[in-house]
file query-v7.cif (mmCIF, C-alpha atoms and all ligand atoms)
data_model
#
loop_
_atom_site.group_PDB
_atom_site.id
_atom_site.type_symbol
_atom_site.label_atom_id
_atom_site.label_comp_id
_atom_site.auth_asym_id
_atom_site.auth_seq_id
_atom_site.Cartn_x
_atom_site.Cartn_y
_atom_site.Cartn_z
ATOM 1 C CA MET E 1 63.600 124.065 -162.027
ATOM 2 C CA PRO E 2 60.459 123.154 -160.116
ATOM 3 C CA ILE E 3 57.065 122.787 -161.730
ATOM 4 C CA TYR E 4 54.276 125.086 -160.613
ATOM 5 C CA GLU E 5 50.589 124.900 -161.355
ATOM 6 C CA TYR E 6 48.649 127.887 -162.627
ATOM 7 C CA PHE E 7 45.005 128.501 -163.309
ATOM 8 C CA CYS E 8 43.494 130.870 -165.861
ATOM 9 C CA PRO E 9 39.964 131.955 -164.846
ATOM 10 C CA GLN E 10 39.342 133.282 -168.372
ATOM 11 C CA CYS E 11 39.650 129.875 -170.024
ATOM 12 C CA ASP E 12 39.044 127.787 -166.929
ATOM 13 C CA LEU E 13 42.382 126.228 -167.779
ATOM 14 C CA LYS E 14 44.898 124.670 -165.462
ATOM 15 C CA PHE E 15 48.451 124.311 -166.676
ATOM 16 C CA GLU E 16 51.888 123.563 -165.353
ATOM 17 C CA LEU E 17 54.940 125.651 -165.859
ATOM 18 C CA LEU E 18 58.622 125.138 -165.234
ATOM 19 C CA ARG E 19 60.056 128.299 -163.775
ATOM 20 C CA PRO E 20 62.542 129.467 -161.191
ATOM 21 C CA SER E 21 61.201 129.498 -157.658
ATOM 22 C CA SER E 22 61.912 133.223 -157.485
ATOM 23 C CA GLN E 23 59.159 133.748 -160.071
ATOM 24 C CA SER E 24 56.729 131.198 -158.684
ATOM 25 C CA SER E 25 54.429 133.742 -157.046
ATOM 26 C CA GLU E 26 54.207 135.912 -160.135
ATOM 27 C CA THR E 27 51.366 135.459 -162.576
ATOM 28 C CA ALA E 28 52.109 133.344 -165.631
ATOM 29 C CA SER E 29 50.881 133.884 -169.162
ATOM 30 C CA CYS E 30 48.054 131.563 -170.073
ATOM 31 C CA PRO E 31 49.056 129.418 -173.074
ATOM 32 C CA ARG E 32 45.605 129.863 -174.558
ATOM 33 C CA CYS E 33 44.562 133.482 -174.023
ATOM 34 C CA ASP E 34 47.838 135.022 -172.841
ATOM 35 C CA ASN E 35 46.202 136.600 -169.824
ATOM 36 C CA GLY E 36 47.731 136.435 -166.381
ATOM 37 C CA ALA E 37 47.107 133.137 -164.646
ATOM 38 C CA GLU E 38 47.468 132.767 -160.921
ATOM 39 C CA ARG E 39 49.440 130.105 -159.199
ATOM 40 C CA ILE E 40 47.467 127.353 -157.510
ATOM 41 C CA PHE E 41 48.723 125.042 -154.842
ATOM 42 C CA SER E 42 48.366 121.369 -155.440
ATOM 43 C CA SER E 43 46.233 119.621 -152.827
ATOM 44 C CA PHE E 44 47.725 116.273 -153.693
ATOM 45 C CA ALA E 45 49.885 115.867 -150.581
ATOM 46 C CA CYS E 46 46.985 116.983 -148.421
ATOM 47 C CA SER E 47 44.321 114.738 -149.941
ATOM 48 C CA SER E 48 46.437 111.592 -149.948
ATOM 49 C CA LYS E 49 47.151 112.154 -146.282
ATOM 50 C CA SER E 50 43.505 112.614 -145.325
ATOM 51 C CA SER E 51 42.241 109.640 -147.322
ATOM 52 C CA GLU E 52 44.796 107.493 -145.575
ATOM 53 C CA GLY E 53 43.568 108.874 -142.279
ATOM 54 C CA ILE E 54 39.898 108.038 -142.848
ATOM 55 C CA SER E 55 40.365 104.577 -144.340
ATOM 56 C CA THR E 56 41.112 102.898 -141.015
ATOM 57 C CA PRO E 57 38.225 104.275 -138.880
ATOM 58 C CA LEU E 58 35.780 103.782 -141.762
ATOM 59 C CA GLY E 59 36.322 100.040 -141.789
ATOM 60 C CA ARG E 60 35.835 99.777 -138.041
ATOM 61 C CA THR E 61 32.819 102.026 -137.550
ATOM 62 C CA SER E 62 30.919 100.940 -140.656
ATOM 63 C CA PRO E 63 27.206 100.412 -139.936
ATOM 64 C CA CYS E 64 26.880 97.959 -142.820
ATOM 65 C CA SER E 65 28.530 94.588 -142.420
ATOM 66 C CA THR E 66 27.619 93.503 -145.934
ATOM 67 C CA CYS E 67 29.305 96.129 -148.077
ATOM 68 C CA SER E 68 31.341 98.015 -145.434
ATOM 69 C CA ALA E 69 30.168 101.386 -146.743
ATOM 70 C CA PRO E 70 30.089 104.242 -144.233
ATOM 71 C CA SER E 71 26.450 105.081 -144.999
ATOM 72 C CA CYS E 72 24.770 102.215 -146.761
ATOM 73 C CA THR E 73 21.239 102.544 -148.117
ATOM 74 C CA THR E 74 21.372 99.485 -150.349
ATOM 75 C CA CYS E 75 22.000 96.658 -147.923
ATOM 76 C CA GLY E 76 19.827 98.163 -145.205
HETATM 77 ZN ZN ZN E 101 43.527 131.751 -170.497
#

call {"tool": "encode", "arguments": {"input": "query-v7.cif", "output": "structure tokens", "more": "lines below"}}
Ligand SMILES: [Zn+2]
result
Amino acid sequence: MPIYEYFCPQCDLKFELLRPSSQSSETASCPRCDNGAERIFSSFACSSKSSEGISTPLGRTSPCSTCSAPSCTTCG
């Protein structure tokens, strides 16, 4: 069974749950307050892709040659 992530706005709690994919879009019971928690979609695949995408241009277009930061206020 796949793992899905759910978020309970009552407790501000994120938790993972193993459940059949047929039930993935249904609300899950929060382990803390037992209210319905909504499924959230992990941004992990998305964020790793974008950080990989920026890393190359950042190094090339960096205005600071000392620390290679994109916007450096320390090295001037
Ligand atoms: Zn809760």

call {"tool": "closest_residue", "arguments": {"input": "query-v7.cif", "among": "E:Cys72, E:Cys33, E:Ile3, E:Leu17", "to": "ligand ZN 101 (chain E)", "atoms": "all atoms listed in the file"}}
result
E:Cys33

call {"tool": "residues_near_ligand", "arguments": {"input": "query-v7.cif", "ligand": "ligand ZN 101 (chain E)", "cutoff": "9 Å", "atoms": "all atoms listed in the file", "output": "list in words"}}
result
Phe7, Cys8, Pro9, Gln10, Cys11, Asp12, Leu13, Lys14, Ser29, Cys30, Pro31, Arg32, Cys33, Asp34, Asn35, Gly36 and Ala37 of chain E

call {"tool": "write_last_selection", "arguments": {"input": "query-v7.cif", "atoms": "C-alpha atoms", "output": "compact mmCIF listing (two decimals), keeping the file's coordinate frame"}}
result
# COMPACT_ATOMS: atom_id res chain seq x y z
CA PHE E 7 45.00 128.50 -163.31
CA CYS E 8 43.49 130.87 -165.86
CA PRO E 9 39.96 131.96 -164.85
CA GLN E 10 39.34 133.28 -168.37
CA CYS E 11 39.65 129.88 -170.02
CA ASP E 12 39.04 127.79 -166.93
CA LEU E 13 42.38 126.23 -167.78
CA LYS E 14 44.90 124.67 -165.46
CA SER E 29 50.88 133.88 -169.16
CA CYS E 30 48.05 131.56 -170.07
CA PRO E 31 49.06 129.42 -173.07
CA ARG E 32 45.60 129.86 -174.56
CA CYS E 33 44.56 133.48 -174.02
CA ASP E 34 47.84 135.02 -172.84
CA ASN E 35 46.20 136.60 -169.82
CA GLY E 36 47.73 136.44 -166.38
CA ALA E 37 47.11 133.14 -164.65

call {"tool": "closest_residue", "arguments": {"input": "query-v7.cif", "among": "E:Tyr6, E:Thr66, E:Cys75, E:Met1", "to": "E:Pro20", "atoms": "only C-alpha atoms"}}
result
E:Met1

call {"tool": "residues_around", "arguments": {"input": "query-v7.cif", "residues": "E:Leu18", "least_positions_apart": "3", "cutoff": "12 Å", "atoms": "all atoms listed in the file", "output": "JSON, numbers by chain"}}
result
{"E": [1, 2, 3, 4, 5, 6, 15, 21, 22, 23, 24, 28]}

call {"tool": "residues_near_point", "arguments": {"input": "query-v7.cif", "point": "(50.0, 134.4, -160.9)", "cutoff": "6 Å", "atoms": "only C-alpha atoms", "output": "number ranges by chain"}}
result
E: 25-28, 37-39
